[in-house]
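Visitor: File data29.tsv below, TSV, C-alpha atoms and all ligand atoms:
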```tsv
chain	number	residue	atom	x	y	z
A	1	MET	CA	79.49	103.78	90.12
A	2	GLY	CA	81.84	101.08	88.83
A	3	GLU	CA	82.44	97.99	90.93
A	4	PHE	CA	86.19	98.52	90.61
A	5	ILE	CA	88.49	101.50	90.67
A	6	ILE	CA	91.22	100.71	88.18
A	7	GLU	CA	94.60	102.41	88.24
A	8	GLN	CA	97.21	101.93	85.56
A	9	HIS	CA	100.90	101.91	86.42
A	10	GLY	CA	102.55	100.97	83.11
A	11	PRO	CA	102.09	97.22	82.68
A	12	VAL	CA	100.70	96.89	86.22
A	13	GLU	CA	97.05	97.52	87.04
A	14	ARG	CA	95.64	97.98	90.50
A	15	TRP	CA	92.03	96.87	90.85
A	16	VAL	CA	90.34	98.18	93.95
A	17	ILE	CA	87.00	96.56	94.80
A	18	ASN	CA	84.78	99.61	95.13
A	19	GLY	CA	82.34	98.43	97.78
A	20	GLU	CA	83.61	99.67	101.12
A	21	ALA	CA	80.09	100.06	102.58
A	22	ARG	CA	79.42	96.34	102.10
A	23	ARG	CA	83.01	95.47	102.98
A	24	ASN	CA	83.74	94.72	99.32
A	25	ALA	CA	81.48	91.66	99.31
A	26	LEU	CA	81.04	89.64	96.13
A	27	SER	CA	77.81	90.82	94.55
A	28	LYS	CA	76.48	89.74	91.16
A	29	ALA	CA	77.47	93.09	89.67
A	30	MET	CA	80.94	92.91	91.20
A	31	ILE	CA	81.72	89.42	89.89
A	32	GLY	CA	80.37	90.41	86.45
A	33	GLU	CA	82.79	93.31	86.29
A	34	LEU	CA	85.60	91.15	87.68
A	35	ALA	CA	85.02	88.66	84.85
A	36	ALA	CA	85.05	91.42	82.23
A	37	ASN	CA	88.31	92.82	83.58
A	38	ILE	CA	89.99	89.42	83.67
A	39	GLN	CA	88.91	88.84	80.05
A	40	ARG	CA	90.20	92.26	79.07
A	41	VAL	CA	93.72	91.73	80.47
A	42	THR	CA	93.88	88.11	79.31
A	43	ALA	CA	92.99	89.20	75.77
A	44	MET	CA	96.02	91.49	75.61
A	45	PRO	CA	98.93	89.51	77.01
A	46	GLY	CA	102.03	91.60	77.37
A	47	VAL	CA	100.09	94.86	77.78
A	48	VAL	CA	98.80	94.36	81.29
A	49	ARG	CA	101.23	91.94	82.89
A	50	ALA	CA	100.40	92.08	86.57
A	51	VAL	CA	97.25	92.93	88.49
A	52	ILE	CA	97.15	93.91	92.14
A	53	LEU	CA	93.72	93.08	93.49
A	54	THR	CA	92.70	94.84	96.68
A	55	GLY	CA	89.70	96.29	98.46
A	56	ALA	CA	88.56	99.82	99.19
A	57	GLY	CA	89.09	101.13	102.71
A	58	ASP	CA	91.14	99.56	105.46
A	59	LYS	CA	88.58	97.18	106.95
A	60	ALA	CA	88.10	94.52	104.32
A	61	PHE	CA	89.72	93.01	101.28
A	62	CYS	CA	86.46	91.19	100.65
A	63	ALA	CA	83.84	89.97	103.14
A	64	GLY	CA	82.85	87.04	100.92
A	65	ALA	CA	79.44	86.53	99.39
A	66	ASP	CA	77.14	89.55	99.52
A	67	LEU	CA	74.90	88.14	102.23
A	68	LYS	CA	72.25	90.84	101.80
A	69	GLU	CA	71.91	90.06	98.09
A	70	ARG	CA	72.01	86.35	98.82
A	71	SER	CA	69.12	86.47	101.26
A	72	GLY	CA	66.87	87.32	98.31
A	73	MET	CA	68.23	84.56	96.07
A	74	SER	CA	66.59	81.17	95.44
A	75	GLU	CA	68.54	77.90	95.70
A	76	ASP	CA	68.87	77.90	91.91
A	77	ASP	CA	70.11	81.48	91.93
A	78	VAL	CA	72.79	80.60	94.49
A	79	ALA	CA	73.87	77.53	92.49
A	80	ARG	CA	74.07	79.62	89.30
A	81	PHE	CA	76.03	82.36	91.08
A	82	LEU	CA	78.54	79.86	92.43
A	83	ASN	CA	78.93	78.20	89.09
A	84	GLU	CA	79.73	81.52	87.52
A	85	LEU	CA	82.08	82.40	90.39
A	86	ARG	CA	84.03	79.14	90.00
A	87	GLY	CA	84.56	79.88	86.31
A	88	ILE	CA	85.66	83.44	87.01
A	89	PHE	CA	88.09	82.33	89.73
A	90	ARG	CA	89.52	79.69	87.40
A	91	SER	CA	90.06	82.30	84.70
A	92	ILE	CA	92.40	84.16	87.07
A	93	GLU	CA	94.56	81.04	87.32
A	94	LYS	CA	94.45	80.47	83.56
A	95	SER	CA	95.34	84.05	82.68
A	96	PRO	CA	98.92	84.75	81.53
A	97	CYS	CA	98.77	87.83	83.73
A	98	VAL	CA	100.19	87.61	87.26
A	99	PHE	CA	97.61	88.32	89.97
A	100	ILE	CA	98.75	89.60	93.36
A	101	ALA	CA	96.16	89.86	96.13
A	102	TYR	CA	96.86	92.67	98.56
A	103	LEU	CA	94.77	91.91	101.64
A	104	ASN	CA	94.14	95.35	103.06
A	105	GLY	CA	91.74	93.97	105.70
A	106	VAL	CA	89.60	90.89	106.35
A	107	ALA	CA	89.18	88.27	103.68
A	108	LEU	CA	86.35	85.97	104.68
A	109	GLY	CA	84.67	83.11	102.85
A	110	GLY	CA	84.68	84.01	99.16
A	111	GLY	CA	87.16	86.79	99.99
A	112	THR	CA	89.73	84.22	101.08
A	113	GLU	CA	88.77	82.08	98.08
A	114	LEU	CA	89.38	85.02	95.76
A	115	ALA	CA	92.79	85.56	97.36
A	116	LEU	CA	93.57	81.86	96.94
A	117	THR	CA	93.05	82.08	93.18
A	118	CYS	CA	95.71	84.77	92.95
A	119	ASP	CA	99.32	83.83	92.27
A	120	ILE	CA	100.78	85.59	95.31
A	121	ARG	CA	99.22	87.06	98.47
A	122	ILE	CA	100.49	89.95	100.57
A	123	ALA	CA	98.63	90.92	103.73
A	124	ALA	CA	98.46	94.09	105.78
A	125	SER	CA	99.42	93.32	109.38
A	126	THR	CA	95.77	93.97	110.35
A	127	ALA	CA	94.33	91.56	107.77
A	128	GLU	CA	92.56	88.37	108.73
A	129	MET	CA	91.61	85.39	106.62
A	130	GLY	CA	89.09	82.67	107.14
A	131	LEU	CA	86.90	80.15	105.37
A	132	THR	CA	84.01	80.76	107.73
A	133	GLU	CA	81.25	79.13	105.65
A	134	VAL	CA	80.34	76.32	108.07
A	135	LYS	CA	79.28	79.03	110.50
A	136	LEU	CA	76.60	79.91	107.94
A	137	GLY	CA	75.49	76.34	107.30
A	138	ILE	CA	77.34	75.98	104.01
A	139	ILE	CA	80.81	74.98	102.82
A	140	PRO	CA	83.28	76.99	100.76
A	141	GLY	CA	81.77	77.00	97.27
A	142	GLY	CA	84.31	79.01	95.31
A	143	GLY	CA	87.08	76.43	95.36
A	144	GLY	CA	88.18	76.94	98.97
A	145	THR	CA	88.13	73.27	99.99
A	146	GLN	CA	90.41	72.44	97.07
A	147	ARG	CA	92.73	75.43	96.85
A	148	LEU	CA	93.32	75.78	100.59
A	149	THR	CA	94.13	72.05	100.80
A	150	ARG	CA	96.60	72.30	97.94
A	151	LEU	CA	98.25	75.31	99.53
A	152	VAL	CA	98.52	74.35	103.20
A	153	GLY	CA	97.86	70.59	103.26
A	154	ARG	CA	94.91	68.44	104.21
A	155	GLY	CA	95.14	68.55	108.02
A	156	ARG	CA	95.57	72.31	108.23
A	157	ALA	CA	92.82	72.92	105.67
A	158	LYS	CA	90.44	70.69	107.59
A	159	GLU	CA	91.22	72.37	110.89
A	160	LEU	CA	90.58	75.81	109.37
A	161	ILE	CA	87.48	74.86	107.39
A	162	PHE	CA	85.82	72.70	110.09
A	163	THR	CA	86.25	75.41	112.74
A	164	GLY	CA	85.64	78.33	110.38
A	165	ARG	CA	88.07	80.31	112.50
A	166	ARG	CA	89.86	83.40	111.31
A	167	VAL	CA	93.63	83.63	111.23
A	168	THR	CA	95.67	86.79	111.67
A	169	ALA	CA	98.12	87.94	109.02
A	170	ALA	CA	100.98	86.58	111.15
A	171	GLU	CA	99.40	83.13	111.39
A	172	ALA	CA	98.48	83.22	107.69
A	173	MET	CA	102.14	83.88	106.99
A	174	SER	CA	103.28	80.98	109.16
A	175	LEU	CA	100.75	78.67	107.47
A	176	GLY	CA	101.94	79.67	103.99
A	177	LEU	CA	98.58	81.27	103.23
A	178	VAL	CA	100.27	84.57	102.43
A	179	GLU	CA	103.77	85.17	101.14
A	180	LYS	CA	104.44	88.45	102.91
A	181	VAL	CA	103.01	90.79	105.54
A	182	GLY	CA	103.44	94.51	104.97
A	183	GLY	CA	102.13	97.70	103.42
A	184	PRO	CA	100.55	98.17	99.98
A	185	GLU	CA	103.83	99.45	98.55
A	186	GLY	CA	105.17	95.90	98.95
A	187	ALA	CA	102.59	94.67	96.43
A	188	MET	CA	103.61	97.34	93.92
A	189	GLU	CA	107.32	96.62	94.46
A	190	LEU	CA	106.69	92.94	93.87
A	191	ALA	CA	104.66	93.61	90.71
A	192	THR	CA	107.36	95.96	89.42
A	193	GLN	CA	110.03	93.34	90.03
A	194	ILE	CA	107.97	90.72	88.17
A	195	VAL	CA	107.16	92.87	85.14
A	196	ALA	CA	110.86	93.71	84.72
A	197	ASN	CA	111.34	90.09	83.67
A	198	ALA	CA	110.65	88.53	80.29
A	199	PRO	CA	106.86	88.46	79.72
A	200	ILE	CA	106.64	85.11	77.94
A	201	ALA	CA	108.96	83.53	80.53
A	202	VAL	CA	106.88	84.73	83.49
A	203	SER	CA	103.61	83.54	81.92
A	204	ALA	CA	105.17	80.20	80.95
A	205	ALA	CA	106.44	79.75	84.52
A	206	LYS	CA	102.94	80.46	85.90
A	207	ALA	CA	101.38	77.92	83.53
A	208	ALA	CA	104.07	75.31	84.29
A	209	ILE	CA	103.54	75.63	88.04
A	210	ASP	CA	99.73	75.72	87.93
A	211	GLU	CA	99.13	73.12	85.25
A	212	GLY	CA	101.78	70.80	86.71
A	213	ASP	CA	100.23	70.81	90.16
A	214	ASP	CA	98.08	67.73	89.70
A	215	LEU	CA	100.33	65.73	87.41
A	216	SER	CA	102.73	62.92	88.20
A	217	LEU	CA	106.34	64.14	88.42
A	218	ASP	CA	107.15	62.63	85.01
A	219	ASP	CA	104.17	64.32	83.35
A	220	ALA	CA	104.89	67.57	85.16
A	221	LEU	CA	108.49	67.54	83.97
A	222	ALA	CA	107.29	66.94	80.41
A	223	LEU	CA	104.96	69.91	80.84
A	224	GLU	CA	107.85	72.04	82.08
A	225	GLN	CA	109.79	71.05	78.97
A	226	GLN	CA	106.86	72.20	76.77
A	227	LYS	CA	106.65	75.52	78.57
A	228	TYR	CA	110.43	75.96	78.37
A	229	ALA	CA	110.18	75.40	74.61
A	230	LEU	CA	107.91	78.45	74.38
A	231	THR	CA	110.73	80.60	75.71
A	232	LEU	CA	113.46	79.01	73.57
A	233	LYS	CA	112.18	80.62	70.38
A	234	THR	CA	111.86	84.10	71.82
A	235	GLU	CA	113.81	87.25	71.05
A	236	ASP	CA	113.78	87.91	74.79
A	237	ARG	CA	115.88	84.82	75.47
A	238	LEU	CA	118.53	86.10	73.08
A	239	GLU	CA	118.26	89.58	74.59
A	240	GLY	CA	118.82	88.06	78.07
A	241	LEU	CA	122.05	86.44	76.88
A	242	LYS	CA	123.18	89.58	75.06
A	243	ALA	CA	122.47	91.83	78.04
A	244	PHE	CA	124.43	89.47	80.28
A	245	ALA	CA	127.41	89.56	77.93
A	246	GLU	CA	127.21	93.35	77.67
A	247	LYS	CA	126.80	93.73	81.46
A	248	ARG	CA	123.58	95.75	81.18
A	249	PRO	CA	119.96	95.21	82.21
A	250	PRO	CA	117.94	93.43	79.53
A	251	LYS	CA	115.25	95.20	77.49
A	252	PHE	CA	112.50	92.66	77.03
A	253	VAL	CA	109.87	93.11	74.34
A	254	GLY	CA	107.60	90.12	74.97
A	255	LYS	CA	108.52	88.35	71.71
A	301	LIG	N1	77.66	90.90	102.58
A	301	LIG	C1	76.93	92.03	102.58
A	301	LIG	N2	77.14	93.04	103.43
A	301	LIG	C2	78.15	92.90	104.31
A	301	LIG	C3	78.95	91.75	104.36
A	301	LIG	C4	78.67	90.71	103.44
A	301	LIG	N3	79.39	89.60	103.40
A	301	LIG	N4	79.86	91.89	105.36
A	301	LIG	C5	79.62	93.11	105.90
A	301	LIG	N5	78.61	93.70	105.27
A	301	LIG	C6	78.00	95.01	105.56
A	301	LIG	C7	77.31	94.99	106.92
A	301	LIG	O1	76.03	94.41	106.81
A	301	LIG	C8	77.29	96.46	107.24
A	301	LIG	O2	76.27	97.06	106.51
A	301	LIG	P1	75.30	98.16	107.20
A	301	LIG	O3	76.20	99.34	107.45
A	301	LIG	O4	74.27	98.41	106.17
A	301	LIG	O5	74.81	97.54	108.47
A	301	LIG	C9	78.63	96.95	106.66
A	301	LIG	O6	79.04	95.96	105.73
A	301	LIG	C10	79.70	97.06	107.72
A	301	LIG	O7	79.73	95.84	108.42
A	301	LIG	P2	80.24	95.77	109.94
A	301	LIG	O8	80.04	94.39	110.43
A	301	LIG	O9	79.63	96.88	110.72
A	301	LIG	O10	81.77	96.13	109.70
A	301	LIG	P3	83.07	95.63	110.44
A	301	LIG	O11	84.21	96.29	109.75
A	301	LIG	O12	82.94	95.79	111.92
A	301	LIG	O13	83.13	94.03	110.17
A	301	LIG	C11	83.19	92.05	108.80
A	301	LIG	C12	83.38	93.57	108.87
A	301	LIG	C13	83.42	91.67	107.35
A	301	LIG	C14	84.21	91.34	109.69
A	301	LIG	C15	81.78	91.65	109.27
A	301	LIG	O14	80.83	92.51	108.67
A	301	LIG	C16	81.41	90.25	108.94
A	301	LIG	O15	81.74	89.32	109.66
A	301	LIG	N6	80.70	90.05	107.79
A	301	LIG	C17	80.22	88.79	107.38
A	301	LIG	C18	81.32	88.02	106.71
A	301	LIG	C19	80.85	86.67	106.25
A	301	LIG	O16	80.33	85.89	107.01
A	301	LIG	N7	81.02	86.44	104.93
A	301	LIG	C20	80.51	85.31	104.26
A	301	LIG	C21	81.36	84.17	104.42
A	301	LIG	S1	80.67	82.81	103.55
```
Show how you would write the structure in this file as structure tokens.

Guide:
Amino acid sequence: MGEFIIEQHGPVERWVINGEARRNALSKAMIGELAANIQRVTAMPGVVRAVILTGAGDKAFCAGADLKERSGMSEDDVARFLNELRGIFRSIEKSPCVFIAYLNGVALGGGTELALTCDIRIAASTAEMGLTEVKLGIIPGGGGTQRLTRLVGRGRAKELIFTGRRVTAAEAMSLGLVEKVGGPEGAMELATQIVANAPIAVSAAKAAIDEGDDLSLDDALALEQQKYALTLKTEDRLEGLKAFAEKRPPKFVGK
């Protein structure tokens, strides 16, 4: 059986991690298929514009590394796996497609790290998040120390990572770890709202925000200018102005 169940809703795809029995843990097969799907949507910008990533069942979004598989892996195997995982997670951030994580249940370790690579997170009220690695004698190895710190700040990231404690959806919301708490329809509504906007503009905004993160303000503003320039030449910009003048919704074509 495939590692993902993929549903198409026009330009939105819903990817359901198909591993309920292992609480959707990150196995080698699962991350291989994740990589292939990211490559697929990234290779056809404008066709699939938003992905909702979620887990099967109502217990877990993703329980992190597949600990059963890992127990049979050598140190080199684990290092190789993590290296691959870091690249795959980075490719989510570099994709022009918008990724929304819908946390249908617990997201632990690599599950929280996977959610952190997504552009926006929505959590079911029963969801919990946690970078629990120190409880297993390791540290977050899929970017968690870096992405959590960038998202919630150094002190909060240290408190969460050093204790390895889990936070409820409500606390995750108050920490800025998730943008919204609610049902799965909220993720689809959000995706629908995003894909109604100009494709090149949305992708350029994602790249401006993500690539500008580590730059000085002057360099980041120059980057914004470059990304803005990508939209200046588009038919969609002219369509936006025309639709405004004609008091109608715009029809964007992604050109
Ligand atoms: N890797 C592999 N299998 C996992 C797993 C993981 N990370 N997490 C859970 N499973 C498996 C369990 O071993 C169990 O399998 P079994 O039925 O063959 O015994 C099955 O999923 C259900 O787990 P269970 O603990 O009974 O379900 P639950 O819904 O009560 O709890 C979790 C789910 C995720 C909270 C709990 O299983 C857990 O804490 N898992 C470990 C999470 C973790 O430490 N991840 C790594 C962080 S680095």

Visitor: Counting only C-alpha atoms, write as a ChimeraX atom specification all protein and nucleic acid residues lying at most 6 Å from (86.9, 92.6, 100.3) in the file's frame.

Guide: /A:23-25,55,60-63,107,111

Visitor: Please extract the residues at most 6 Å from ligand LIG 301 (chain A), counting all atoms listed in the file, and provide them as a ChimeraX atom specification, using the chain letters and residue numbers of this document.

Guide: /A:21-23,25,59,63-68,108-109,132-133

Visitor: Residues of the last selection are to be written out with C-alpha atoms, as a compact mmCIF listing (two decimals), keeping the file's coordinate frame.

Guide:
```txt
# COMPACT_ATOMS: atom_id res chain seq x y z
CA ALA A 21 80.09 100.06 102.58
CA ARG A 22 79.42 96.34 102.10
CA ARG A 23 83.01 95.47 102.98
CA ALA A 25 81.48 91.66 99.31
CA LYS A 59 88.58 97.18 106.95
CA ALA A 63 83.84 89.97 103.14
CA GLY A 64 82.85 87.04 100.92
CA ALA A 65 79.44 86.53 99.39
CA ASP A 66 77.14 89.55 99.52
CA LEU A 67 74.90 88.14 102.23
CA LYS A 68 72.25 90.84 101.80
CA LEU A 108 86.35 85.97 104.68
CA GLY A 109 84.67 83.11 102.85
CA THR A 132 84.01 80.76 107.73
CA GLU A 133 81.25 79.13 105.65
```

Visitor: Taking only residues of segment 96-154 of chain A that have an atom at most 9 Å from an atom of segment 195-215 of chain A, what is each one's shortest atom pair and its distance in Å to one decimal, using all atoms listed in the file, in chain and number order, as a Markdown table?

Guide:
```
| residue | atom | partner | partner_atom | distance |
| --- | --- | --- | --- | --- |
| A:Pro96 | CA | A:Ser203 | CA | 4.9 |
| A:Cys97 | CA | A:Ser203 | CA | 6.7 |
| A:Val98 | CA | A:Ser203 | CA | 7.5 |
| A:Asp119 | CA | A:Lys206 | CA | 8.1 |
| A:Arg150 | CA | A:Asp213 | CA | 8.7 |
```

Visitor: Report the distance between atom CA of Gly155 of chain A and atom CA of Leu136 of chain A in Å, rounded to one decimal place.

Guide: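 If I compute the distance from atom CA of Gly155 of chain A to atom CA of Leu136 of chain A, I get 21.7 Å.
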
Visitor: Check the smallest atom-to-atom distance from each of A:Glu3, A:Asp236, A:Asp77, A:Asp58 to Val106 of chain A using only C-alpha atoms, then report the winner.

Guide: A:Asp58

Visitor: Within 8 Å of segment 166-182 of chain A, counting only C-alpha atoms, which residues show up once you throw out same-chain ones fewer than 3 positions away? Write them as JSON, numbers by chain, please.

Guide: {"A": [108, 120, 121, 122, 123, 124, 125, 126, 127, 128, 129, 130, 131, 132, 151, 152, 160, 186]}

Visitor: Just the selected residues (C-alpha atoms), exported as a PDB file, keeping the file's coordinate frame, please.

Guide:
```
ATOM      1  CA  LEU A 108      86.350  85.970 104.680  1.00  0.00           C
ATOM      2  CA  ILE A 120     100.780  85.590  95.310  1.00  0.00           C
ATOM      3  CA  ARG A 121      99.220  87.060  98.470  1.00  0.00           C
ATOM      4  CA  ILE A 122     100.490  89.950 100.570  1.00  0.00           C
ATOM      5  CA  ALA A 123      98.630  90.920 103.730  1.00  0.00           C
ATOM      6  CA  ALA A 124      98.460  94.090 105.780  1.00  0.00           C
ATOM      7  CA  SER A 125      99.420  93.320 109.380  1.00  0.00           C
ATOM      8  CA  THR A 126      95.770  93.970 110.350  1.00  0.00           C
ATOM      9  CA  ALA A 127      94.330  91.560 107.770  1.00  0.00           C
ATOM     10  CA  GLU A 128      92.560  88.370 108.730  1.00  0.00           C
ATOM     11  CA  MET A 129      91.610  85.390 106.620  1.00  0.00           C
ATOM     12  CA  GLY A 130      89.090  82.670 107.140  1.00  0.00           C
ATOM     13  CA  LEU A 131      86.900  80.150 105.370  1.00  0.00           C
ATOM     14  CA  THR A 132      84.010  80.760 107.730  1.00  0.00           C
ATOM     15  CA  LEU A 151      98.250  75.310  99.530  1.00  0.00           C
ATOM     16  CA  VAL A 152      98.520  74.350 103.200  1.00  0.00           C
ATOM     17  CA  LEU A 160      90.580  75.810 109.370  1.00  0.00           C
ATOM     18  CA  GLY A 186     105.170  95.900  98.950  1.00  0.00           C
TER      19      GLY A 186
END
```

Visitor: Can you pull out every residue within 7 Å of Glu113 of chain A, counting only C-alpha atoms, but drop anything in the same chain fewer than 5 positions away, and send it as an MDAnalysis selection string?

Guide: chainID A and resid 142:144

Visitor: Could you check which of A:Leu103, A:Met73, A:Ile5, A:Ala36 is closest to Thr54 of chain A, using all atoms listed in the file?

Guide: A:Leu103

Visitor: Could you work out how far atom CA of Leu114 of chain A lies from atom CA of Ser27 of chain A, giving the answer in Å with one decimal?

Guide: 13.0 Å

Visitor: What does the distance between atom CA of Ile100 of chain A and atom CA of Pro249 of chain A come to in Å, to one decimal place?

Guide: 24.6 Å

Visitor: Using all atoms listed in the file, which residue out of A:Arg80, A:Arg156, A:Lys233, A:Arg49 lies closest to Ser95 of chain A?

Guide: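 For Ser95 of chain A, the nearest of the candidates is A:Arg49.
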
Visitor: Given the point (99.9, 104.0, 88.8) in the coordinates of this file, which residues lie within 12 Å, counting all atoms listed in the file, and how would they look as an MDAnalysis selection string?

Guide: chainID A and resid 5:15 51:52 185 188:189 191:192

Visitor: With 8 Å of padding per side, what axis-aligned box (centre and edge lengths, Å, one decimal) covers all the listed atoms of segment 145-158 of chain A? Give it as AutoDock Vina command-line options.

Guide:
```
--center_x 93.3 --center_y 72.1 --center_z 102.5 --size_x 26.4 --size_y 23.3 --size_z 27.4
```
